[in-house]
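Enquirer: Contents of protein_30.csv (CSV, C-alpha atoms):
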chain,number,residue,atom,x,y,z
U,294,MET,CA,41.4,-31.0,19.1
U,295,THR,CA,42.4,-28.2,16.7
U,296,ALA,CA,41.4,-30.2,13.7
U,297,THR,CA,37.9,-30.9,15.3
U,298,ALA,CA,37.4,-27.2,16.0
U,299,SER,CA,38.4,-26.3,12.5
U,300,THR,CA,35.9,-28.9,11.1
U,301,LEU,CA,33.1,-27.5,13.3
U,302,ARG,CA,33.9,-24.0,12.1
U,303,THR,CA,33.8,-25.1,8.5
U,304,ASP,CA,30.6,-27.0,9.0
U,305,LEU,CA,29.0,-24.0,10.7
U,306,ALA,CA,30.1,-21.6,7.9
U,307,SER,CA,28.8,-24.0,5.3
U,308,ARG,CA,25.4,-24.2,7.0
U,309,ILE,CA,25.2,-20.4,7.3
U,310,SER,CA,26.1,-20.0,3.6
U,311,ALA,CA,23.5,-22.6,2.6
U,312,GLY,CA,20.9,-20.8,4.7
U,313,ARG,CA,21.7,-17.5,3.0
U,314,ARG,CA,21.4,-19.1,-0.4
U,315,GLY,CA,18.1,-20.7,0.5
U,316,ARG,CA,16.7,-17.4,1.8
U,317,ARG,CA,17.9,-15.6,-1.4
U,318,ARG,CA,16.4,-18.3,-3.6
U,319,ARG,CA,13.0,-18.0,-1.8
U,320,TRP,CA,13.1,-14.2,-2.0
U,321,PHE,CA,13.6,-14.3,-5.8
U,322,ALA,CA,11.1,-17.1,-6.2
U,323,VAL,CA,8.3,-15.4,-4.3
U,324,CYS,CA,8.9,-12.0,-6.0
U,325,GLY,CA,9.0,-13.7,-9.4
U,326,VAL,CA,5.7,-15.5,-8.8
U,327,LEU,CA,4.1,-12.3,-7.5
U,328,ALA,CA,5.3,-10.3,-10.5
U,329,VAL,CA,3.8,-13.0,-12.8
U,330,VAL,CA,0.5,-12.8,-11.0
U,331,VAL,CA,0.5,-9.0,-11.2
U,332,LEU,CA,1.2,-9.2,-15.0
U,333,ALA,CA,-1.5,-11.8,-15.4
U,334,LEU,CA,-4.1,-9.7,-13.6
U,335,ALA,CA,-3.1,-6.6,-15.6
U,336,LEU,CA,-3.6,-8.5,-18.9
U,337,LEU,CA,-6.9,-9.9,-17.6
U,338,GLY,CA,-8.0,-6.3,-16.8
U,339,LEU,CA,-7.1,-5.2,-20.3
U,340,VAL,CA,-8.6,-8.2,-22.2
U,341,TYR,CA,-11.8,-8.8,-20.3
U,342,GLY,CA,-14.9,-6.6,-20.0
U,343,ARG,CA,-18.2,-6.1,-21.8
U,344,THR,CA,-16.2,-6.7,-24.9
U,345,VAL,CA,-13.5,-9.3,-24.8
U,346,TYR,CA,-10.5,-8.5,-27.0
U,347,PRO,CA,-7.9,-11.0,-28.1
U,348,LEU,CA,-4.4,-10.6,-26.7
U,349,SER,CA,-3.1,-9.8,-30.2
U,350,ASP,CA,-5.4,-6.7,-30.3
U,351,VAL,CA,-4.3,-5.7,-26.8
U,352,PHE,CA,-0.6,-5.9,-27.7
U,353,ALA,CA,-1.3,-4.0,-30.9
U,354,VAL,CA,-2.8,-1.2,-28.9
U,355,LEU,CA,0.0,-1.2,-26.4
U,356,THR,CA,2.5,-0.9,-29.2
U,357,GLY,CA,0.7,2.2,-30.6
U,358,GLN,CA,-1.1,0.6,-33.5
U,359,GLU,CA,-4.7,1.7,-34.3
U,360,VAL,CA,-7.3,-1.1,-33.7
U,361,PRO,CA,-10.9,-0.2,-34.3
U,362,GLY,CA,-12.8,-0.3,-31.0
U,363,ALA,CA,-9.9,-1.6,-29.0
U,364,SER,CA,-7.8,1.6,-29.2
U,365,PHE,CA,-10.5,3.5,-27.3
U,366,THR,CA,-11.7,0.8,-24.9
U,367,VAL,CA,-8.3,-0.7,-24.1
U,368,GLY,CA,-6.1,2.4,-24.6
U,369,ARG,CA,-8.3,5.1,-23.1
U,370,LEU,CA,-10.4,3.3,-20.5
U,371,ARG,CA,-8.9,0.0,-19.3
U,372,LEU,CA,-5.2,0.8,-19.5
U,373,PRO,CA,-5.3,3.9,-17.2
U,374,ARG,CA,-7.5,1.9,-14.8
U,375,VAL,CA,-5.1,-1.0,-14.7
U,376,LEU,CA,-2.0,1.1,-14.4
U,377,THR,CA,-3.5,3.3,-11.7
U,378,GLY,CA,-4.5,0.2,-9.7
U,379,LEU,CA,-1.1,-1.3,-10.1
U,380,LEU,CA,0.8,1.8,-9.0
U,381,VAL,CA,-1.6,2.7,-6.2
U,382,GLY,CA,-1.6,-0.9,-4.8
U,383,PHE,CA,2.2,-1.0,-5.0
U,384,GLY,CA,2.5,2.3,-3.2
U,385,PHE,CA,0.0,1.3,-0.4
U,386,GLY,CA,1.7,-2.0,0.1
U,387,THR,CA,5.2,-0.4,0.3
U,388,ALA,CA,4.0,2.3,2.7
U,389,GLY,CA,2.2,-0.2,4.9
U,390,VAL,CA,5.2,-2.4,5.4
U,391,ILE,CA,7.4,0.6,6.1
U,392,PHE,CA,5.0,1.7,8.9
U,393,GLN,CA,4.6,-1.8,10.3
U,394,THR,CA,8.3,-2.6,10.3
U,395,MET,CA,9.4,0.7,11.6
U,396,LEU,CA,7.0,0.7,14.5
U,397,ARG,CA,7.1,-3.1,15.0
U,398,ASN,CA,3.3,-3.2,15.2
U,399,VAL,CA,1.1,-4.8,12.5
U,400,LEU,CA,-1.7,-2.3,13.4
U,401,ALA,CA,0.5,0.6,12.4
U,402,SER,CA,-0.6,0.9,8.8
U,403,PRO,CA,-1.7,4.2,7.3
U,404,ASP,CA,-5.4,3.2,6.9
U,405,ILE,CA,-5.6,2.2,10.6
U,406,LEU,CA,-3.7,5.3,11.8
U,407,GLY,CA,-6.1,7.6,10.1
U,408,ILE,CA,-3.8,9.1,7.4
U,409,SER,CA,-6.0,7.8,4.6
U,410,THR,CA,-9.1,9.2,6.5
U,411,GLY,CA,-7.4,12.5,6.8
U,412,ALA,CA,-7.1,12.6,3.0
U,413,SER,CA,-10.7,11.7,2.7
U,414,ALA,CA,-11.8,14.4,5.1
U,415,ALA,CA,-9.9,17.1,3.3
U,416,ALA,CA,-11.3,16.0,0.0
U,417,VAL,CA,-14.9,15.9,1.2
U,418,VAL,CA,-14.6,19.3,2.8
U,419,ALA,CA,-13.1,20.7,-0.4
U,420,ILE,CA,-16.0,19.3,-2.4
U,421,THR,CA,-18.9,20.2,-0.1
U,422,PHE,CA,-17.8,23.6,1.3
U,423,PHE,CA,-15.7,25.0,-1.4
U,424,GLY,CA,-17.1,23.3,-4.5
U,425,LEU,CA,-13.8,22.2,-5.8
U,426,ARG,CA,-13.4,19.4,-8.4
U,427,GLY,CA,-10.8,17.3,-10.2
U,428,GLY,CA,-7.1,18.0,-9.6
U,429,ALA,CA,-7.7,20.6,-7.0
U,430,VAL,CA,-9.5,18.0,-4.8
U,431,SER,CA,-6.6,15.5,-5.3
U,432,LEU,CA,-4.1,18.2,-4.2
U,433,ILE,CA,-6.2,19.0,-1.1
U,434,ALA,CA,-6.4,15.3,-0.3
U,435,LEU,CA,-2.6,15.0,-0.5
U,436,LEU,CA,-2.2,18.0,1.8
U,437,GLY,CA,-4.8,16.5,4.2
U,438,ALA,CA,-2.9,13.3,4.5
U,439,LEU,CA,0.4,15.0,5.0
U,440,GLY,CA,-1.2,17.3,7.6
U,441,VAL,CA,-2.7,14.5,9.6
U,442,ALA,CA,0.6,12.5,9.5
U,443,LEU,CA,2.4,15.6,10.8
U,444,ALA,CA,-0.2,16.0,13.6
U,445,ILE,CA,0.1,12.3,14.6
U,446,TYR,CA,3.9,12.5,14.7
U,447,GLY,CA,3.9,15.7,16.7
U,448,LEU,CA,1.3,14.6,19.2
U,449,SER,CA,3.0,11.2,19.8
U,450,TRP,CA,6.5,12.7,20.2
U,451,ARG,CA,7.8,12.3,23.7
U,452,GLY,CA,11.6,12.5,23.2
U,453,GLY,CA,11.0,9.9,20.5
U,454,VAL,CA,8.2,8.0,18.8
U,455,ALA,CA,6.9,4.8,20.4
U,456,GLY,CA,4.8,2.5,18.2
U,457,ALA,CA,1.9,1.9,20.6
U,458,ARG,CA,1.6,5.7,21.4
U,459,LEU,CA,1.6,6.6,17.7
U,460,VAL,CA,-1.0,4.0,16.9
U,461,LEU,CA,-3.3,5.2,19.7
U,462,VAL,CA,-2.9,8.9,18.6
U,463,GLY,CA,-3.5,7.9,15.0
U,464,ILE,CA,-6.7,6.0,15.9
U,465,GLY,CA,-7.9,9.0,17.8
U,466,ILE,CA,-7.2,11.5,15.0
U,467,GLY,CA,-8.7,9.1,12.5
U,468,ALA,CA,-12.0,9.1,14.5
U,469,MET,CA,-11.9,12.9,14.5
U,470,MET,CA,-11.5,12.9,10.7
U,471,GLN,CA,-14.4,10.5,10.4
U,472,SER,CA,-16.6,12.9,12.4
U,473,ILE,CA,-15.6,15.7,10.0
U,474,VAL,CA,-16.6,13.5,7.0
U,475,ALA,CA,-19.9,12.7,8.6
U,476,TYR,CA,-20.7,16.4,9.3
U,477,SER,CA,-19.6,17.5,5.8
U,478,LEU,CA,-22.0,14.9,4.3
U,479,THR,CA,-24.9,16.2,6.3
U,480,GLN,CA,-24.3,19.6,4.7
U,481,ALA,CA,-23.8,18.3,1.2
U,482,GLN,CA,-26.2,18.3,-1.8
U,483,ILE,CA,-26.9,15.0,-3.5
U,484,THR,CA,-24.5,15.8,-6.4
U,485,GLU,CA,-21.8,16.7,-3.9
U,486,ALA,CA,-22.3,13.6,-1.9
U,487,ALA,CA,-22.1,11.5,-5.0
U,488,GLU,CA,-18.8,13.2,-5.9
U,489,ALA,CA,-17.5,12.6,-2.4
U,490,LEU,CA,-18.3,8.9,-2.5
U,491,ARG,CA,-15.1,8.1,-4.3
U,492,TRP,CA,-13.1,9.7,-1.4
U,493,LEU,CA,-14.9,7.6,1.1
U,494,THR,CA,-14.7,4.1,-0.4
U,495,GLY,CA,-11.8,4.1,-2.8
U,496,SER,CA,-12.5,3.6,-6.5
U,497,LEU,CA,-10.7,3.3,-9.8
U,498,ASN,CA,-13.7,4.5,-11.8
U,499,GLY,CA,-12.2,8.0,-12.0
U,500,ALA,CA,-8.9,6.7,-13.3
U,501,PHE,CA,-8.0,8.5,-16.6
U,502,ALA,CA,-4.8,8.9,-18.6
U,503,ASP,CA,-4.6,12.6,-17.5
U,504,GLY,CA,-3.8,11.7,-13.9
U,505,LEU,CA,-1.3,9.0,-14.7
U,506,PRO,CA,1.9,11.0,-15.4
U,507,VAL,CA,1.7,12.7,-12.0
U,508,LEU,CA,1.1,9.4,-10.2
U,509,ALA,CA,3.9,7.7,-12.1
U,510,ALA,CA,6.4,10.5,-11.6
U,511,ALA,CA,5.7,10.5,-7.8
U,512,MET,CA,6.1,6.8,-7.6
U,513,ALA,CA,9.4,7.0,-9.7
U,514,VAL,CA,10.8,9.2,-6.9
U,515,LEU,CA,9.3,7.7,-3.8
U,516,VAL,CA,9.8,4.0,-4.4
U,517,PRO,CA,13.6,4.3,-5.0
U,518,ALA,CA,13.8,6.6,-2.0
U,519,ALA,CA,12.1,3.8,0.1
U,520,TYR,CA,14.7,1.3,-1.2
U,521,LEU,CA,17.5,3.6,-0.3
U,522,LEU,CA,16.2,3.6,3.3
U,523,ASP,CA,15.6,-0.1,3.4
U,524,ARG,CA,18.9,-1.0,5.1
U,525,ARG,CA,18.4,1.7,7.7
U,526,LEU,CA,14.9,0.4,8.3
U,527,THR,CA,16.3,-3.1,9.0
U,528,ILE,CA,18.8,-1.7,11.5
U,529,LEU,CA,16.0,0.4,13.1
U,530,GLN,CA,14.2,-2.9,14.0
U,531,LEU,CA,17.1,-3.6,16.5
U,532,GLY,CA,16.1,-0.7,18.6
U,533,ASP,CA,17.1,3.0,18.8
U,534,ASP,CA,20.1,2.4,21.0
U,535,THR,CA,21.6,-0.3,18.8
U,536,ALA,CA,20.8,1.7,15.7
U,537,ASN,CA,22.6,4.7,17.0
U,538,ALA,CA,25.5,2.6,18.1
U,539,LEU,CA,25.7,1.2,14.5
U,540,GLY,CA,25.9,4.8,13.1
U,541,VAL,CA,22.2,5.1,12.1
U,542,ASP,CA,20.5,8.2,13.5
U,543,ALA,CA,17.2,6.6,14.6
U,544,ASP,CA,15.1,9.8,14.9
U,545,ARG,CA,16.3,11.2,11.6
U,546,THR,CA,15.9,7.9,9.8
U,547,ARG,CA,12.4,7.5,11.3
U,548,LEU,CA,11.4,11.0,10.1
U,549,TRP,CA,12.6,10.2,6.5
U,550,LEU,CA,10.8,6.9,6.5
U,551,LEU,CA,7.6,8.5,7.7
U,552,LEU,CA,7.9,11.2,5.0
U,553,VAL,CA,8.3,8.7,2.2
U,554,ALA,CA,5.6,6.3,3.5
U,555,VAL,CA,3.1,9.1,4.1
U,556,THR,CA,3.7,10.7,0.7
U,557,LEU,CA,3.2,7.3,-0.9
U,558,VAL,CA,-0.2,6.9,0.8
U,559,ALA,CA,-1.1,10.5,0.1
U,560,VAL,CA,-0.3,10.2,-3.6
U,561,GLY,CA,-2.2,6.9,-3.9
U,562,THR,CA,-5.2,8.3,-2.0
U,563,ALA,CA,-5.2,11.4,-4.2
U,564,ALA,CA,-5.4,9.1,-7.3
U,565,ALA,CA,-7.9,6.5,-6.2
U,566,GLY,CA,-9.3,7.4,-2.8
U,567,PRO,CA,-8.6,5.5,0.5
U,568,ILE,CA,-8.7,1.9,-0.7
U,569,ALA,CA,-9.3,0.1,2.6
U,570,PHE,CA,-6.9,-2.4,4.2
U,571,VAL,CA,-4.5,-2.7,1.2
U,572,ALA,CA,-1.6,-1.2,3.3
U,573,PHE,CA,-2.7,-3.2,6.3
U,574,LEU,CA,-2.9,-6.6,4.5
U,575,SER,CA,0.2,-6.4,2.2
U,576,GLY,CA,2.9,-6.5,4.8
U,577,PRO,CA,1.7,-9.5,6.8
U,578,ILE,CA,0.9,-11.5,3.7
U,579,ALA,CA,4.3,-10.8,2.3
U,580,ALA,CA,5.9,-11.8,5.6
U,581,ARG,CA,4.1,-15.1,5.6
U,582,LEU,CA,5.2,-15.8,2.0
U,583,MET,CA,8.9,-14.8,2.6
U,584,ARG,CA,9.3,-16.4,6.1
U,585,GLY,CA,12.2,-14.2,7.0
U,586,SER,CA,13.9,-14.4,3.6
U,587,GLY,CA,15.0,-10.8,3.2
U,588,SER,CA,13.5,-7.4,2.7
U,589,LEU,CA,9.7,-7.1,2.5
U,590,LEU,CA,9.5,-3.8,0.6
U,591,LEU,CA,9.3,-5.4,-2.9
U,592,PRO,CA,7.1,-8.4,-1.9
U,593,ALA,CA,4.7,-6.1,0.0
U,594,GLY,CA,4.4,-3.7,-2.9
U,595,LEU,CA,3.7,-6.6,-5.3
U,596,VAL,CA,1.1,-8.1,-2.9
U,597,GLY,CA,-0.6,-4.6,-2.7
U,598,ALA,CA,-0.8,-4.5,-6.5
U,599,VAL,CA,-2.2,-8.0,-6.6
U,600,VAL,CA,-4.9,-7.2,-4.0
U,601,VAL,CA,-6.0,-4.0,-5.8
U,602,LEU,CA,-6.0,-5.5,-9.3
U,603,ALA,CA,-7.8,-8.7,-8.2
U,604,SER,CA,-10.3,-6.8,-6.0
U,605,ASP,CA,-11.1,-4.3,-8.8
U,606,PHE,CA,-11.7,-7.1,-11.2
U,607,ALA,CA,-13.9,-9.0,-8.7
U,608,GLY,CA,-15.9,-5.8,-7.9
U,609,GLN,CA,-16.6,-5.2,-11.6
U,610,TYR,CA,-17.4,-8.7,-12.9
U,611,LEU,CA,-17.9,-11.3,-10.2
U,612,PHE,CA,-21.2,-10.0,-8.8
U,613,ASP,CA,-24.5,-8.9,-10.2
U,614,LEU,CA,-23.8,-5.4,-9.1
U,615,ARG,CA,-20.6,-3.4,-9.6
U,616,PHE,CA,-18.7,-2.4,-6.5
U,617,PRO,CA,-15.8,0.0,-6.0
U,618,VAL,CA,-12.5,-1.6,-5.3
U,619,GLY,CA,-12.5,-0.2,-1.7
U,620,VAL,CA,-15.7,-2.2,-0.9
U,621,VAL,CA,-14.1,-5.5,-1.9
U,622,THR,CA,-10.8,-4.8,-0.1
U,623,GLY,CA,-12.8,-3.8,3.0
U,624,ALA,CA,-14.9,-7.0,2.8
U,625,VAL,CA,-11.6,-9.0,2.7
U,626,GLY,CA,-9.6,-6.9,5.2
U,627,ALA,CA,-12.2,-6.7,8.0
U,628,PRO,CA,-12.4,-10.5,8.6
U,629,TYR,CA,-8.6,-10.7,8.5
U,630,LEU,CA,-8.3,-8.0,11.2
U,631,LEU,CA,-10.9,-10.0,13.3
U,632,TRP,CA,-8.9,-13.2,12.7
U,633,LEU,CA,-5.7,-11.4,13.8
U,634,LEU,CA,-7.3,-10.2,17.0
U,635,ALA,CA,-8.7,-13.7,17.7
U,636,ARG,CA,-5.4,-15.3,17.1
U,637,SER,CA,-3.7,-12.8,19.4
U,638,ASN,CA,-6.1,-13.5,22.2
U,639,ARG,CA,-5.7,-17.3,21.7
U,640,THR,CA,-1.9,-17.3,21.8
U,641,GLY,CA,-1.6,-14.5,24.4
U,642,GLY,CA,0.7,-12.6,22.1
U,643,THR,CA,0.7,-9.1,20.9
U,644,LEU,CA,-0.4,-7.7,17.6
Represent the structure of the file as structure tokens.

Expert:
Amino acid sequence: MTATASTLRTDLASRISAGRRGRRRRWFAVCGVLAVVVLALALLGLVYGRTVYPLSDVFAVLTGQEVPGASFTVGRLRLPRVLTGLLVGFGFGTAGVIFQTMLRNVLASPDILGISTGASAAAVVAITFFGLRGGAVSLIALLGALGVALAIYGLSWRGGVAGARLVLVGIGIGAMMQSIVAYSLTQAQITEAAEALRWLTGSLNGAFADGLPVLAAAMAVLVPAAYLLDRRLTILQLGDDTANALGVDADRTRLWLLLVAVTLVAVGTAAAGPIAFVAFLSGPIAARLMRGSGSLLLPAGLVGAVVVLASDFAGQYLFDLRFPVGVVTGAVGAPYLLWLLARSNRTGGTL
């Protein structure tokens, strides 16, 4: 009897160990494939355009060599655009999965909650009523996103933050921000409306090397901070009572996670505008790829980078007209949201 029980325990431990190894292998495999896709899309964005440069010229430019024509086109125009798209997409994907995991609701992404819209509204007001341009508008947009996030958090607080209440408050505030944008545009001159367009659709057309250091520095701080909070985020999924029992202060952890995620969105929006549905799409796509095989932070960030780089390339070269990246991601994301709602109604489940 004792020998049988020992055999069963050994068999169970062996199965658990094999399951862990399988999940770890899947996590590394999926992240590796996504990283290769990101690299391929980045190289495609550097090589392809009105003038197609060979990879040897692109690598020469990247290593600091002077190549006639390519040094300007690749080094000054395409490289900032690609790097901005990569960083912004990674940031949106990471922020989206933090919101969705923390609040246990797939609708709880920054673009659905109205945080991106808050940044847009602040930027449009700064352009149309105060005549600001350039970095000042980006700073106002960042403050707008942080202010809207603070308002959503404060209004949804009832001794704690429930996911459904925060989503509803966020949707309401997002609608208010949309009305501010609409009113501002009715007061704008044509040139001001054209300047504001980037803040309404999301575009990489204004990506230049001057803005990259700030974006890269912010990401260098925020992304490691998100990974430091990853274990606490996992424990928070078990519920506040269980998290507190395990030594994780649920309210304080949620506040730190919100601060990191909102700042990621705000910095990304300040750099490229509110690129629709990237934060919303990245988490669910990453979850389907991973199938429960570990943390979603890195996979979701890589999916976000893939979505932005692929959509920007498609918007530039796959159609007769050129479209901002936000138009392409919106065209992809809206049907996905409708499919999600239809599936929820069919299965009787929740979002």

Enquirer: Quick one: residues within 8 Å of Ala335 (chain U), all atoms listed in the file counted, chain neighbours fewer than 2 positions away excluded, as an NGL selection string?

Expert: :U and (331-333 or 337-339 or 375-376 or 379 or 602)

Enquirer: Compute the distance from (1.8, -8.6, 1.6) to each atom, counting all atoms listed in the file, keep the residues with any atom at most 9 Å away, and return them as a PyMOL selection string; use the coordinates of the file.

Expert: chain U and resi 386-387+390+571-582+589+592-597+600

Enquirer: Provide the CA of Val330 (chain U) to CA of Glu359 (chain U) distance in Å, to one decimal place.

Expert: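 CA of Val330 (chain U) sits 27.9 Å away from CA of Glu359 (chain U).
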
Enquirer: In terms of the shortest atom-to-atom distance over only C-alpha atoms, which of U:Gly463, U:Phe606, U:Ile405, U:Thr421 is closest to Leu630 (chain U)?

Expert: U:Ile405

Enquirer: Considering all atoms listed in the file, return as a list in words whatever protein or nucleic-acid residues lie within 12 Å of Glu488 (chain U), sequence-local ones (same chain, fewer than 4 positions apart) excluded.

Expert: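 Once the nearby chain positions are removed, what remains is Ser413, Ala416, Val417, Val418, Ala419, Ile420, Thr421, Gly424, Leu425, Arg426, Gly427, Val430, Leu478, Ala481, Gln482, Ile483, Thr484, Trp492, Leu493, Thr494, Gly495, Ser496, Asn498, Gly499 and Gly566 of chain U.
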
Enquirer: Please indicate the distance in Å from CA of Leu552 (chain U) to CA of Met512 (chain U), rounded to one decimal place.

Expert: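 CA of Leu552 (chain U) sits 13.5 Å away from CA of Met512 (chain U).
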
Enquirer: Work out how far CA of Tyr629 (chain U) is from CA of Arg397 (chain U), in Å to one decimal.

Expert: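 CA of Tyr629 (chain U) lies 18.6 Å from CA of Arg397 (chain U).
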
Enquirer: Of the candidates U:Arg547, U:Ile466, U:Gln471, U:Leu611, which one gets nearest to Gly532 (chain U) if we count all atoms listed in the file?

Expert: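 Going through U:Arg547, U:Ile466, U:Gln471, U:Leu611 one by one, the smallest distance to Gly532 (chain U) is for U:Arg547.
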
Enquirer: As a PDB file with C-alpha atoms, in the coordinates of the input, please: the residues near Asp503 (chain U) (cut-off 10 Å, only C-alpha atoms, same-chain neighbours under 4 positions excluded).

Expert:
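Output below, filename out_36.pdb:
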ATOM      1  CA  PRO U 373      -5.300   3.900 -17.200  1.00  0.00           C
ATOM      2  CA  GLY U 428      -7.100  18.000  -9.600  1.00  0.00           C
ATOM      3  CA  VAL U 507       1.700  12.700 -12.000  1.00  0.00           C
ATOM      4  CA  LEU U 508       1.100   9.400 -10.200  1.00  0.00           C
TER       5      LEU U 508
END
